[in-house]
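Data file: entry.pdb. Format and content: PDB, C-alpha atoms (C1' of nucleotides).
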```
MODEL        1
ATOM      1  CA  MET R   1      95.878 -28.247  74.914
ATOM      2  CA  ARG R   2      98.119 -30.458  76.983
ATOM      3  CA  ILE R   3     101.486 -31.864  76.011
ATOM      4  CA  GLY R   4     100.149 -35.182  74.775
ATOM      5  CA  GLU R   5      97.882 -33.528  72.265
ATOM      6  CA  LEU R   6     100.600 -31.167  71.124
ATOM      7  CA  ALA R   7     102.905 -34.129  70.594
ATOM      8  CA  GLU R   8     100.242 -35.973  68.680
ATOM      9  CA  ARG R   9      99.527 -33.015  66.438
ATOM     10  CA  THR R  10     103.125 -32.217  65.632
ATOM     11  CA  GLY R  11     104.708 -35.627  65.628
ATOM     12  CA  ALA R  12     107.287 -34.447  68.135
ATOM     13  CA  SER R  13     107.706 -36.703  71.136
ATOM     14  CA  ILE R  14     106.634 -35.499  74.538
ATOM     15  CA  ARG R  15     110.258 -35.783  75.545
ATOM     16  CA  SER R  16     111.305 -33.475  72.740
ATOM     17  CA  ILE R  17     108.680 -30.882  73.534
ATOM     18  CA  ARG R  18     109.879 -30.734  77.123
ATOM     19  CA  TYR R  19     113.412 -30.427  75.840
ATOM     20  CA  TYR R  20     112.483 -27.519  73.582
ATOM     21  CA  GLU R  21     111.001 -25.774  76.569
ATOM     22  CA  GLN R  22     114.126 -26.384  78.587
ATOM     23  CA  GLN R  23     116.180 -24.889  75.770
ATOM     24  CA  GLY R  24     114.034 -21.791  75.760
ATOM     25  CA  LEU R  25     112.335 -22.507  72.448
ATOM     26  CA  LEU R  26     108.835 -23.029  73.696
ATOM     27  CA  ALA R  27     106.884 -21.634  76.608
ATOM     28  CA  SER R  28     103.967 -23.145  78.412
ATOM     29  CA  VAL R  29     101.715 -22.076  81.209
ATOM     30  CA  ARG R  30     101.255 -24.429  84.081
ATOM     31  CA  LEU R  31      97.855 -25.458  85.319
ATOM     32  CA  ALA R  32      97.164 -25.748  89.019
ATOM     33  CA  ASN R  33      98.050 -29.439  88.876
ATOM     34  CA  GLY R  34     101.407 -28.733  87.290
ATOM     35  CA  TYR R  35     100.420 -29.816  83.802
ATOM     36  CA  ARG R  36     101.722 -27.800  80.860
ATOM     37  CA  GLU R  37      99.036 -26.032  78.882
ATOM     38  CA  TYR R  38      99.572 -24.803  75.339
ATOM     39  CA  THR R  39      97.685 -22.473  73.071
ATOM     40  CA  SER R  40      97.042 -23.431  69.477
ATOM     41  CA  LEU R  41      99.978 -21.227  68.515
ATOM     42  CA  ALA R  42     102.282 -23.789  70.048
ATOM     43  CA  GLU R  43     101.528 -26.203  67.270
ATOM     44  CA  GLU R  44     102.921 -23.922  64.597
ATOM     45  CA  GLN R  45     105.793 -23.078  66.874
ATOM     46  CA  VAL R  46     106.806 -26.697  67.285
ATOM     47  CA  ARG R  47     106.596 -27.208  63.550
ATOM     48  CA  THR R  48     108.842 -24.226  63.072
ATOM     49  CA  ILE R  49     111.341 -25.649  65.518
ATOM     50  CA  GLN R  50     111.273 -28.974  63.725
ATOM     51  CA  LEU R  51     111.883 -27.241  60.436
ATOM     52  CA  TYR R  52     114.987 -25.499  61.713
ATOM     53  CA  LEU R  53     116.259 -28.645  63.381
ATOM     54  CA  GLN R  54     115.941 -30.427  60.057
ATOM     55  CA  LEU R  55     118.174 -27.759  58.576
ATOM     56  CA  GLY R  56     120.788 -28.952  61.020
ATOM     57  CA  LEU R  57     120.641 -25.926  63.285
ATOM     58  CA  THR R  58     121.157 -26.408  67.000
ATOM     59  CA  THR R  59     118.545 -25.444  69.556
ATOM     60  CA  GLU R  60     120.891 -22.704  70.650
ATOM     61  CA  GLN R  61     121.022 -21.216  67.173
ATOM     62  CA  ILE R  62     117.285 -21.517  66.797
ATOM     63  CA  ALA R  63     116.773 -19.805  70.110
ATOM     64  CA  GLY R  64     118.675 -16.848  68.732
ATOM     65  CA  PHE R  65     116.010 -15.932  66.240
ATOM     66  CA  LEU R  66     112.910 -18.018  66.875
ATOM     67  CA  ASN R  67     110.951 -15.309  68.629
ATOM     68  CA  CYS R  68     111.676 -12.947  65.805
ATOM     69  CA  VAL R  69     110.707 -15.263  62.971
ATOM     70  CA  LEU R  70     107.528 -16.256  64.748
ATOM     71  CA  GLN R  71     106.435 -12.646  64.591
ATOM     72  CA  SER R  72     107.840 -11.384  61.351
ATOM     73  CA  LYS R  73     109.536 -12.766  58.275
ATOM     74  CA  GLU R  74     112.989 -14.271  58.289
ATOM     75  CA  ALA R  75     114.185 -11.409  56.140
ATOM     76  CA  PHE R  76     113.538  -8.993  58.978
ATOM     77  CA  CYS R  77     115.374 -11.019  61.586
ATOM     78  CA  GLU R  78     119.004  -9.993  61.587
ATOM     79  CA  ASN R  79     120.136 -13.133  63.350
ATOM     80  CA  VAL R  80     118.950 -15.556  60.721
ATOM     81  CA  LEU R  81     121.269 -14.828  57.835
ATOM     82  CA  PRO R  82     124.553 -15.191  59.757
ATOM     83  CA  VAL R  83     123.410 -18.536  61.088
ATOM     84  CA  TYR R  84     122.486 -19.703  57.606
ATOM     85  CA  GLU R  85     125.824 -18.546  56.229
ATOM     86  CA  ARG R  86     127.733 -20.323  58.944
ATOM     87  CA  LYS R  87     125.747 -23.479  58.412
ATOM     88  CA  LEU R  88     126.324 -23.346  54.697
ATOM     89  CA  ALA R  89     130.060 -23.000  55.204
ATOM     90  CA  GLU R  90     130.005 -25.921  57.597
ATOM     91  CA  ILE R  91     128.063 -28.044  55.146
ATOM     92  CA  ASP R  92     130.477 -27.211  52.374
ATOM     93  CA  ASP R  93     133.334 -28.339  54.577
ATOM     94  CA  GLN R  94     131.577 -31.576  55.349
ATOM     95  CA  ILE R  95     130.739 -32.245  51.736
ATOM     96  CA  ARG R  96     134.306 -31.571  50.714
ATOM     97  CA  LEU R  97     135.614 -33.955  53.335
ATOM     98  CA  LEU R  98     133.118 -36.633  52.384
ATOM     99  CA  ALA R  99     133.875 -36.228  48.705
ATOM    100  CA  SER R 100     137.565 -36.592  49.368
ATOM    101  CA  ILE R 101     137.050 -39.738  51.426
ATOM    102  CA  LYS R 102     134.701 -41.031  48.799
ATOM    103  CA  SER R 103     137.175 -40.680  45.980
ATOM    104  CA  ASN R 104     139.858 -42.258  48.131
ATOM    105  CA  LEU R 105     137.578 -45.209  48.793
ATOM    106  CA  GLU R 106     136.658 -45.485  45.142
ATOM    107  CA  ASP R 107     140.319 -45.593  44.198
ATOM    108  CA  ARG R 108     140.862 -48.368  46.668
ATOM    109  CA  VAL R 109     137.910 -50.348  45.431
ATOM    110  CA  ARG R 110     139.164 -49.959  41.899
ATOM    111  CA  SER R 111     142.623 -51.135  42.941
ATOM    112  CA  ILE R 112     141.226 -54.180  44.629
ATOM    113  CA  LEU R 113     139.103 -55.153  41.659
ATOM    114  CA  GLU R 114     142.016 -54.550  39.354
ATOM    115  CA  GLU R 115     144.336 -56.704  41.432
ATOM    116  CA  ARG R 116     141.766 -59.441  41.594
ATOM    117  CA  ARG R 117     141.240 -59.314  37.875
ATOM    118  CA  LYS R 118     144.961 -59.705  37.376
ATOM    119  CA  SER R 119     145.027 -62.689  39.692
ATOM    120  CA  GLU R 120     142.216 -64.307  37.776
ATOM    121  CA  ASP R 121     144.103 -63.785  34.547
ATOM    122  CA  GLU R 122     147.118 -65.471  36.033
ATOM    123  CA  CYS R 123     144.990 -68.407  37.026
ATOM    124  CA  LYS R 124     143.770 -68.774  33.481
ATOM    125  CA  THR R 125     147.337 -68.655  32.266
ATOM    126  CA  CYS R 126     148.205 -71.404  34.694
ATOM    127  CA  GLU R 127     145.513 -73.714  33.494
TER     128      GLU R 127
ATOM    129  CA  MET C   1     160.306 -48.948  71.910
ATOM    130  CA  ARG C   2     157.966 -47.727  74.594
ATOM    131  CA  ILE C   3     154.619 -46.057  74.121
ATOM    132  CA  GLY C   4     155.938 -42.507  74.311
ATOM    133  CA  GLU C   5     158.279 -43.044  71.429
ATOM    134  CA  LEU C   6     155.646 -44.794  69.364
ATOM    135  CA  ALA C   7     153.322 -41.871  69.960
ATOM    136  CA  GLU C   8     156.007 -39.419  68.991
ATOM    137  CA  ARG C   9     156.835 -41.258  65.808
ATOM    138  CA  THR C  10     153.288 -41.704  64.624
ATOM    139  CA  GLY C  11     151.647 -38.558  65.889
ATOM    140  CA  ALA C  12     149.005 -40.618  67.664
ATOM    141  CA  SER C  13     148.445 -39.714  71.285
ATOM    142  CA  ILE C  14     149.431 -42.145  73.986
ATOM    143  CA  ARG C  15     145.765 -42.287  74.871
ATOM    144  CA  SER C  16     144.849 -43.320  71.362
ATOM    145  CA  ILE C  17     147.498 -46.017  71.188
ATOM    146  CA  ARG C  18     146.201 -47.558  74.391
ATOM    147  CA  TYR C  19     142.698 -47.364  72.954
ATOM    148  CA  TYR C  20     143.752 -49.149  69.781
ATOM    149  CA  GLU C  21     145.167 -51.907  71.922
ATOM    150  CA  GLN C  22     141.967 -52.142  73.896
ATOM    151  CA  GLN C  23     140.029 -52.428  70.653
ATOM    152  CA  GLY C  24     142.229 -55.291  69.529
ATOM    153  CA  LEU C  25     144.022 -53.328  66.831
ATOM    154  CA  LEU C  26     147.475 -53.316  68.296
ATOM    155  CA  ALA C  27     149.357 -55.729  70.518
ATOM    156  CA  SER C  28     152.202 -55.019  72.879
ATOM    157  CA  VAL C  29     154.372 -57.079  75.147
ATOM    158  CA  ARG C  30     154.699 -55.991  78.716
ATOM    159  CA  LEU C  31     158.037 -55.517  80.382
ATOM    160  CA  ALA C  32     158.602 -56.687  83.919
ATOM    161  CA  ASN C  33     157.649 -53.235  85.196
ATOM    162  CA  GLY C  34     154.349 -53.274  83.327
ATOM    163  CA  TYR C  35     155.450 -50.926  80.552
ATOM    164  CA  ARG C  36     154.292 -51.666  77.023
ATOM    165  CA  GLU C  37     157.064 -52.522  74.605
ATOM    166  CA  TYR C  38     156.661 -52.296  70.842
ATOM    167  CA  THR C  39     158.666 -53.572  67.912
ATOM    168  CA  SER C  40     159.406 -51.280  64.990
ATOM    169  CA  LEU C  41     156.523 -52.948  63.144
ATOM    170  CA  ALA C  42     154.131 -51.199  65.472
ATOM    171  CA  GLU C  43     154.937 -47.885  63.862
ATOM    172  CA  GLU C  44     153.665 -48.960  60.459
ATOM    173  CA  GLN C  45     150.726 -50.623  62.133
ATOM    174  CA  VAL C  46     149.645 -47.451  63.872
ATOM    175  CA  ARG C  47     149.984 -45.527  60.634
ATOM    176  CA  THR C  48     147.787 -48.099  58.959
ATOM    177  CA  ILE C  49     145.191 -47.741  61.683
ATOM    178  CA  GLN C  50     145.277 -43.967  61.319
ATOM    179  CA  LEU C  51     144.809 -44.301  57.587
ATOM    180  CA  TYR C  52     141.681 -46.406  57.978
ATOM    181  CA  LEU C  53     140.308 -44.153  60.677
ATOM    182  CA  GLN C  54     140.713 -41.223  58.327
ATOM    183  CA  LEU C  55     138.576 -43.116  55.848
ATOM    184  CA  GLY C  56     135.850 -42.962  58.454
ATOM    185  CA  LEU C  57     135.968 -46.625  59.384
ATOM    186  CA  THR C  58     135.327 -47.622  62.970
ATOM    187  CA  THR C  59     137.857 -49.503  65.060
ATOM    188  CA  GLU C  60     135.516 -52.458  64.896
ATOM    189  CA  GLN C  61     135.521 -52.476  61.118
ATOM    190  CA  ILE C  62     139.268 -52.044  61.040
ATOM    191  CA  ALA C  63     139.699 -54.919  63.445
ATOM    192  CA  GLY C  64     137.870 -57.096  60.940
ATOM    193  CA  PHE C  65     140.650 -56.990  58.403
ATOM    194  CA  LEU C  66     143.693 -55.312  59.912
ATOM    195  CA  ASN C  67     145.626 -58.488  60.543
ATOM    196  CA  CYS C  68     145.034 -59.566  56.996
ATOM    197  CA  VAL C  69     146.050 -56.329  55.334
ATOM    198  CA  LEU C  70     149.170 -56.103  57.463
ATOM    199  CA  GLN C  71     150.322 -59.350  55.952
ATOM    200  CA  SER C  72     149.031 -59.266  52.436
ATOM    201  CA  LYS C  73     147.407 -56.804  50.079
ATOM    202  CA  GLU C  74     143.926 -55.425  50.543
ATOM    203  CA  ALA C  75     142.873 -57.244  47.410
ATOM    204  CA  PHE C  76     143.451 -60.570  49.098
ATOM    205  CA  CYS C  77     141.490 -59.699  52.233
ATOM    206  CA  GLU C  78     137.874 -60.628  51.700
ATOM    207  CA  ASN C  79     136.647 -58.439  54.502
ATOM    208  CA  VAL C  80     137.883 -55.190  53.070
ATOM    209  CA  LEU C  81     135.677 -54.733  50.044
ATOM    210  CA  PRO C  82     132.313 -55.139  51.830
ATOM    211  CA  VAL C  83     133.385 -52.574  54.394
ATOM    212  CA  TYR C  84     134.392 -50.148  51.673
ATOM    213  CA  GLU C  85     131.132 -50.674  49.848
ATOM    214  CA  ARG C  86     129.102 -50.091  52.953
ATOM    215  CA  LYS C  87     131.064 -46.993  53.763
ATOM    216  CA  LEU C  88     130.611 -45.656  50.277
ATOM    217  CA  ALA C  89     126.873 -46.161  50.468
ATOM    218  CA  GLU C  90     126.808 -44.398  53.802
ATOM    219  CA  ILE C  91     128.817 -41.491  52.449
ATOM    220  CA  ASP C  92     126.501 -41.169  49.479
ATOM    221  CA  ASP C  93     123.556 -40.966  51.843
ATOM    222  CA  GLN C  94     125.256 -38.293  53.871
ATOM    223  CA  ILE C  95     126.219 -36.287  50.844
ATOM    224  CA  ARG C  96     122.695 -36.467  49.500
ATOM    225  CA  LEU C  97     121.276 -35.272  52.805
ATOM    226  CA  LEU C  98     123.781 -32.460  53.061
ATOM    227  CA  ALA C  99     123.166 -31.403  49.482
ATOM    228  CA  SER C 100     119.461 -31.280  50.113
ATOM    229  CA  ILE C 101     119.877 -29.180  53.237
ATOM    230  CA  LYS C 102     122.314 -26.995  51.409
ATOM    231  CA  SER C 103     119.937 -26.200  48.597
ATOM    232  CA  ASN C 104     117.182 -25.549  51.084
ATOM    233  CA  LEU C 105     119.421 -23.108  52.918
ATOM    234  CA  GLU C 106     120.471 -21.447  49.710
ATOM    235  CA  ASP C 107     116.837 -20.937  48.744
ATOM    236  CA  ARG C 108     116.221 -19.343  52.078
ATOM    237  CA  VAL C 109     119.203 -17.059  51.805
ATOM    238  CA  ARG C 110     118.072 -16.024  48.360
ATOM    239  CA  SER C 111     114.579 -15.310  49.650
ATOM    240  CA  ILE C 112     115.910 -13.175  52.434
ATOM    241  CA  LEU C 113     118.143 -11.159  50.152
ATOM    242  CA  GLU C 114     115.308 -10.783  47.691
ATOM    243  CA  GLU C 115     112.903  -9.560  50.359
ATOM    244  CA  ARG C 116     115.451  -7.144  51.671
ATOM    245  CA  ARG C 117     116.113  -5.820  48.215
ATOM    246  CA  LYS C 118     112.441  -5.230  47.754
ATOM    247  CA  SER C 119     112.267  -3.396  51.040
ATOM    248  CA  GLU C 120     115.127  -1.199  50.016
ATOM    249  CA  ASP C 121     113.394  -0.411  46.770
ATOM    250  CA  GLU C 122     110.315   0.615  48.682
ATOM    251  CA  CYS C 123     112.413   2.875  50.818
ATOM    252  CA  LYS C 124     113.779   4.571  47.731
ATOM    253  CA  THR C 125     110.270   4.994  46.419
ATOM    254  CA  CYS C 126     109.312   6.589  49.689
ATOM    255  CA  GLU C 127     112.071   9.144  49.563
TER     256      GLU C 127
ATOM    257  C1'  DC N   1     167.603 -39.643  98.157
ATOM    258  C1'  DT N   2     165.265 -36.674  95.458
ATOM    259  C1'  DT N   3     163.645 -34.705  91.188
ATOM    260  C1'  DG N   4     161.820 -35.171  86.693
ATOM    261  C1'  DA N   5     160.396 -37.800  83.054
ATOM    262  C1'  DC N   6     158.431 -41.780  82.008
ATOM    263  C1'  DC N   7     154.717 -45.308  82.558
ATOM    264  C1'  DC N   8     150.412 -47.622  84.627
ATOM    265  C1'  DT N   9     145.055 -48.002  85.452
ATOM    266  C1'  DC N  10     140.612 -46.206  86.182
ATOM    267  C1'  DA N  11     137.172 -43.145  85.316
ATOM    268  C1'  DC N  12     134.786 -39.172  83.906
ATOM    269  C1'  DA N  13     134.000 -35.637  80.109
ATOM    270  C1'  DT N  14     133.067 -34.416  75.451
ATOM    271  C1'  DT N  15     128.282 -33.525  71.593
ATOM    272  C1'  DA N  16     123.158 -32.944  71.097
ATOM    273  C1'  DA N  17     118.825 -34.467  70.703
ATOM    274  C1'  DT N  18     116.142 -38.077  71.990
ATOM    275  C1'  DG N  19     114.777 -42.628  74.235
ATOM    276  C1'  DT N  20     113.657 -44.829  78.274
ATOM    277  C1'  DC N  21     112.921 -46.027  82.992
ATOM    278  C1'  DA N  22     111.735 -45.146  87.821
ATOM    279  C1'  DT N  23     108.733 -43.064  90.852
ATOM    280  C1'  DG N  24     104.816 -40.772  91.804
ATOM    281  C1'  DG N  25     100.790 -37.348  91.374
ATOM    282  C1'  DT N  26      96.126 -36.332  88.655
ATOM    283  C1'  DT N  27      92.115 -37.106  86.213
ATOM    284  C1'  DT N  28      88.352 -39.629  84.199
ATOM    285  C1'  DA N  29      85.305 -43.168  83.596
ATOM    286  C1'  DT N  30      83.330 -47.186  85.375
TER     287       DT N  30
ATOM    288  C1'  DA M   1      86.948 -46.435  94.771
ATOM    289  C1'  DT M   2      89.683 -48.293  91.432
ATOM    290  C1'  DA M   3      91.722 -48.876  86.840
ATOM    291  C1'  DA M   4      93.448 -46.618  82.848
ATOM    292  C1'  DA M   5      95.348 -42.900  80.830
ATOM    293  C1'  DC M   6      97.659 -38.837  81.440
ATOM    294  C1'  DC M   7     101.211 -35.836  83.421
ATOM    295  C1'  DA M   8     105.469 -34.509  86.290
ATOM    296  C1'  DT M   9     110.628 -34.674  87.418
ATOM    297  C1'  DG M  10     115.038 -36.725  87.406
ATOM    298  C1'  DA M  11     118.485 -39.529  85.797
ATOM    299  C1'  DC M  12     120.871 -42.541  82.889
ATOM    300  C1'  DA M  13     121.801 -44.251  77.973
ATOM    301  C1'  DT M  14     122.909 -43.479  73.281
ATOM    302  C1'  DT M  15     127.927 -42.796  69.596
ATOM    303  C1'  DA M  16     133.071 -43.214  69.185
ATOM    304  C1'  DA M  17     137.394 -41.655  69.621
ATOM    305  C1'  DT M  18     139.944 -38.854  72.340
ATOM    306  C1'  DG M  19     141.135 -35.522  76.267
ATOM    307  C1'  DT M  20     142.092 -35.122  80.898
ATOM    308  C1'  DG M  21     142.948 -35.802  85.672
ATOM    309  C1'  DA M  22     143.695 -38.506  89.874
ATOM    310  C1'  DG M  23     146.550 -41.519  92.198
ATOM    311  C1'  DG M  24     150.414 -44.082  91.992
ATOM    312  C1'  DG M  25     154.642 -47.047  90.331
ATOM    313  C1'  DT M  26     159.614 -46.909  87.780
ATOM    314  C1'  DC M  27     163.890 -45.288  86.620
ATOM    315  C1'  DA M  28     167.864 -42.427  85.575
ATOM    316  C1'  DA M  29     170.650 -38.537  86.712
ATOM    317  C1'  DG M  30     172.126 -35.385  89.943
TER     318       DG M  30
ENDMDL
END
```
Serialized structure, structure tokens:
Amino acid sequence: MRIGELAERTGASIRSIRYYEQQGLLASVRLANGYREYTSLAEEQVRTIQLYLQLGLTTEQIAGFLNCVLQSKEAFCENVLPVYERKLAEIDDQIRLLASIKSNLEDRVRSILEERRKSEDECKTCE
Amino acid sequence: MRIGELAERTGASIRSIRYYEQQGLLASVRLANGYREYTSLAEEQVRTIQLYLQLGLTTEQIAGFLNCVLQSKEAFCENVLPVYERKLAEIDDQIRLLASIKSNLEDRVRSILEERRKSEDECKTCE
DNA sequence: CTTGACCCTCACATTAATGTCATGGTTTAT
DNA sequence: ATAAACCATGACATTAATGTGAGGGTCAAG
């Protein structure tokens, strides 16, 4: 199939599919006219790429194990686990940071509401 | 004081201080030679900017209420609370997404370890 | 008068995947 | 043969704060 059909089937944009190829994630054979031609395997391959991208992995990380996982199970690809571990650590850091900012913001919101409540009370006293 | 001293005192880079000015967060008067001159108030102002940036607000958001909060309390600046609320909602979204990716990754790690354990067991059986 | 430490502006780089536009070749159907 | 639909490459834009470097004034101390 050609790139348009592959895009249609996978939901990836043509632009993205070309990008995956450029990043070494996806191969294509070129027809005499220069068009990319894909086998039906490409469809699953693009879906696999999308899956890993949704996990927040970079194309570079994916490139490190994609060929392996396309042929065997993740469990048999040595490169997968370290990437997952690193990503998990990174996510934990991000969550921690976000949680800390969140509680800071919540404190501030509480303070503001509290201060405003006090002001309102004063107004009532004034009346 | 000049920009170098302000940078030194606040820990902000000279580059950042100029950027804050460009974004309308910080004013300076220019000496005859073109140098920026700051009053001692600028120091607190930069610290305030840094504080809001650490909360993940953009310079644009900060610009929306900085003048107000420099003069009175946050509680009396109408523009603060909506920004905080929006930021909190955004953070919740991010945390939810990260948590979802995290549990997905954890499942995958578990699967891999499980599969490998099974393989090891088979090996023992083989011996 | 020269050196070194300041300061200035302008502009490009950074990240990473994707969108979008320009320009142009190919194919298919009418 | 021409229009419509497809494909190609290349390049710039996106986000937002900051780093960095070029090229060039200013000023104080020696």
Least-squares align chain C to chain R using all Cα atoms paired by position, then dump the moved coordinates as a tab-separated table (two decimals) with C-alpha atoms, in the coordinates of the input.
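So the final result, stored in out_20.tsv, reads:
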```
chain	number	residue	atom	x	y	z
C	1	MET	CA	95.89	-28.36	74.87
C	2	ARG	CA	98.14	-30.54	76.95
C	3	ILE	CA	101.51	-31.93	75.99
C	4	GLY	CA	100.21	-35.26	74.74
C	5	GLU	CA	97.97	-33.63	72.21
C	6	LEU	CA	100.67	-31.24	71.08
C	7	ALA	CA	102.98	-34.19	70.58
C	8	GLU	CA	100.35	-36.05	68.64
C	9	ARG	CA	99.63	-33.12	66.39
C	10	THR	CA	103.21	-32.28	65.60
C	11	GLY	CA	104.82	-35.68	65.61
C	12	ALA	CA	107.39	-34.49	68.13
C	13	SER	CA	107.82	-36.73	71.14
C	14	ILE	CA	106.73	-35.52	74.53
C	15	ARG	CA	110.36	-35.77	75.54
C	16	SER	CA	111.39	-33.47	72.73
C	17	ILE	CA	108.74	-30.89	73.52
C	18	ARG	CA	109.91	-30.72	77.12
C	19	TYR	CA	113.46	-30.37	75.84
C	20	TYR	CA	112.51	-27.49	73.57
C	21	GLU	CA	111.00	-25.76	76.56
C	22	GLN	CA	114.13	-26.34	78.59
C	23	GLN	CA	116.18	-24.83	75.78
C	24	GLY	CA	114.01	-21.74	75.77
C	25	LEU	CA	112.32	-22.49	72.46
C	26	LEU	CA	108.82	-23.04	73.68
C	27	ALA	CA	106.84	-21.66	76.60
C	28	SER	CA	103.92	-23.20	78.40
C	29	VAL	CA	101.66	-22.16	81.21
C	30	ARG	CA	101.21	-24.54	84.06
C	31	LEU	CA	97.81	-25.59	85.29
C	32	ALA	CA	97.12	-25.88	88.99
C	33	ASN	CA	98.04	-29.56	88.86
C	34	GLY	CA	101.41	-28.83	87.27
C	35	TYR	CA	100.42	-29.92	83.77
C	36	ARG	CA	101.70	-27.88	80.84
C	37	GLU	CA	99.01	-26.13	78.85
C	38	TYR	CA	99.55	-24.89	75.31
C	39	THR	CA	97.65	-22.56	73.03
C	40	SER	CA	97.03	-23.54	69.42
C	41	LEU	CA	99.97	-21.31	68.47
C	42	ALA	CA	102.28	-23.84	70.02
C	43	GLU	CA	101.56	-26.27	67.23
C	44	GLU	CA	102.94	-23.97	64.56
C	45	GLN	CA	105.81	-23.11	66.85
C	46	VAL	CA	106.85	-26.72	67.26
C	47	ARG	CA	106.64	-27.24	63.52
C	48	THR	CA	108.88	-24.24	63.05
C	49	ILE	CA	111.37	-25.64	65.51
C	50	GLN	CA	111.32	-28.98	63.72
C	51	LEU	CA	111.92	-27.23	60.42
C	52	TYR	CA	115.02	-25.47	61.71
C	53	LEU	CA	116.31	-28.60	63.37
C	54	GLN	CA	116.01	-30.39	60.06
C	55	LEU	CA	118.22	-27.71	58.58
C	56	GLY	CA	120.85	-28.88	61.02
C	57	LEU	CA	120.68	-25.86	63.29
C	58	THR	CA	121.19	-26.33	67.01
C	59	THR	CA	118.57	-25.39	69.57
C	60	GLU	CA	120.90	-22.62	70.64
C	61	GLN	CA	121.03	-21.14	67.17
C	62	ILE	CA	117.29	-21.48	66.80
C	63	ALA	CA	116.76	-19.75	70.11
C	64	GLY	CA	118.66	-16.79	68.71
C	65	PHE	CA	115.98	-15.88	66.23
C	66	LEU	CA	112.89	-17.99	66.86
C	67	ASN	CA	110.92	-15.29	68.61
C	68	CYS	CA	111.63	-12.93	65.78
C	69	VAL	CA	110.70	-15.26	62.96
C	70	LEU	CA	107.50	-16.27	64.72
C	71	GLN	CA	106.39	-12.68	64.54
C	72	SER	CA	107.80	-11.41	61.31
C	73	LYS	CA	109.53	-12.78	58.25
C	74	GLU	CA	113.00	-14.26	58.27
C	75	ALA	CA	114.15	-11.38	56.12
C	76	PHE	CA	113.49	-8.96	58.94
C	77	CYS	CA	115.34	-10.99	61.56
C	78	GLU	CA	118.97	-9.96	61.56
C	79	ASN	CA	120.11	-13.07	63.34
C	80	VAL	CA	118.95	-15.50	60.72
C	81	LEU	CA	121.26	-14.77	57.83
C	82	PRO	CA	124.56	-15.12	59.76
C	83	VAL	CA	123.41	-18.47	61.09
C	84	TYR	CA	122.51	-19.64	57.61
C	85	GLU	CA	125.83	-18.48	56.24
C	86	ARG	CA	127.75	-20.24	58.95
C	87	LYS	CA	125.78	-23.39	58.43
C	88	LEU	CA	126.37	-23.28	54.72
C	89	ALA	CA	130.10	-22.92	55.22
C	90	GLU	CA	130.05	-25.83	57.61
C	91	ILE	CA	128.11	-27.97	55.17
C	92	ASP	CA	130.53	-27.14	52.39
C	93	ASP	CA	133.39	-28.27	54.60
C	94	GLN	CA	131.63	-31.50	55.37
C	95	ILE	CA	130.79	-32.17	51.77
C	96	ARG	CA	134.36	-31.52	50.73
C	97	LEU	CA	135.67	-33.91	53.36
C	98	LEU	CA	133.17	-36.58	52.42
C	99	ALA	CA	133.92	-36.18	48.74
C	100	SER	CA	137.60	-36.57	49.40
C	101	ILE	CA	137.09	-39.71	51.45
C	102	LYS	CA	134.73	-40.99	48.84
C	103	SER	CA	137.21	-40.66	46.02
C	104	ASN	CA	139.88	-42.25	48.16
C	105	LEU	CA	137.59	-45.19	48.83
C	106	GLU	CA	136.67	-45.47	45.19
C	107	ASP	CA	140.34	-45.60	44.23
C	108	ARG	CA	140.84	-48.36	46.71
C	109	VAL	CA	137.88	-50.34	45.47
C	110	ARG	CA	139.14	-49.97	41.93
C	111	SER	CA	142.59	-51.16	42.97
C	112	ILE	CA	141.17	-54.19	44.66
C	113	LEU	CA	139.04	-55.15	41.70
C	114	GLU	CA	141.96	-54.57	39.39
C	115	GLU	CA	144.28	-56.75	41.46
C	116	ARG	CA	141.70	-59.46	41.64
C	117	ARG	CA	141.17	-59.34	37.92
C	118	LYS	CA	144.86	-59.74	37.40
C	119	SER	CA	144.92	-62.70	39.73
C	120	GLU	CA	142.12	-64.30	37.83
C	121	ASP	CA	143.97	-63.79	34.60
C	122	GLU	CA	146.98	-65.50	36.07
C	123	CYS	CA	144.82	-68.39	37.09
C	124	LYS	CA	143.58	-68.75	33.54
C	125	THR	CA	147.14	-68.67	32.29
C	126	CYS	CA	147.98	-71.41	34.72
C	127	GLU	CA	145.25	-73.69	33.52
```
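Evaluating the PyMOL selection byres ((chain M) within 9 of (chain C)) against the shown model yields M:DA16, M:DA17, M:DT18, M:DG19, M:DG25, M:DT26.
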With distances taken over all atoms listed in the file, which of N:DC6, N:DC12, N:DA17, N:DC1 is nearest to chain C?
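Ranked by minimum distance to chain C, first place goes to N:DC6.
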Determine the residue set returned by the PyMOL selection byres ((chain R and resi 9) around 12) for the present structure, and present it as a ChimeraX atom specification.
/R:1-8,10-14,17,40-47
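Using all atoms listed in the file, the contacts of DC10 in chain N at a cut-off of 12 Å, with sequence neighbours closer than 5 positions omitted, comprise DG21, DA22, DG23 and DG24 of chain M.
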Please report as a PyMOL selection string which residues of chain N come no farther than 12 Å from chain C, using all atoms listed in the file.
chain N and resi 5-9
Determine the residue set returned by the PyMOL selection byres ((chain M and resi 12) around 9) for the present structure, and present it as a PDB file with C-alpha atoms (C1' of nucleotides), in the frame of the given file.
```pdb
ATOM      1  C1'  DT N  20     113.657 -44.829  78.274  1.00  0.00           C
ATOM      2  C1'  DC N  21     112.921 -46.027  82.992  1.00  0.00           C
TER       3       DC N  21
ATOM      4  C1'  DA M  11     118.485 -39.529  85.797  1.00  0.00           C
ATOM      5  C1'  DA M  13     121.801 -44.251  77.973  1.00  0.00           C
TER       6       DA M  13
END
```
Students should find that CA of Ala63 in chain C and CA of Thr48 in chain C are spaced 11.5 Å
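CA of Thr39 in chain R to CA of Ala27 in chain R spans 9.9 Å [interatomic distance, one decimal].
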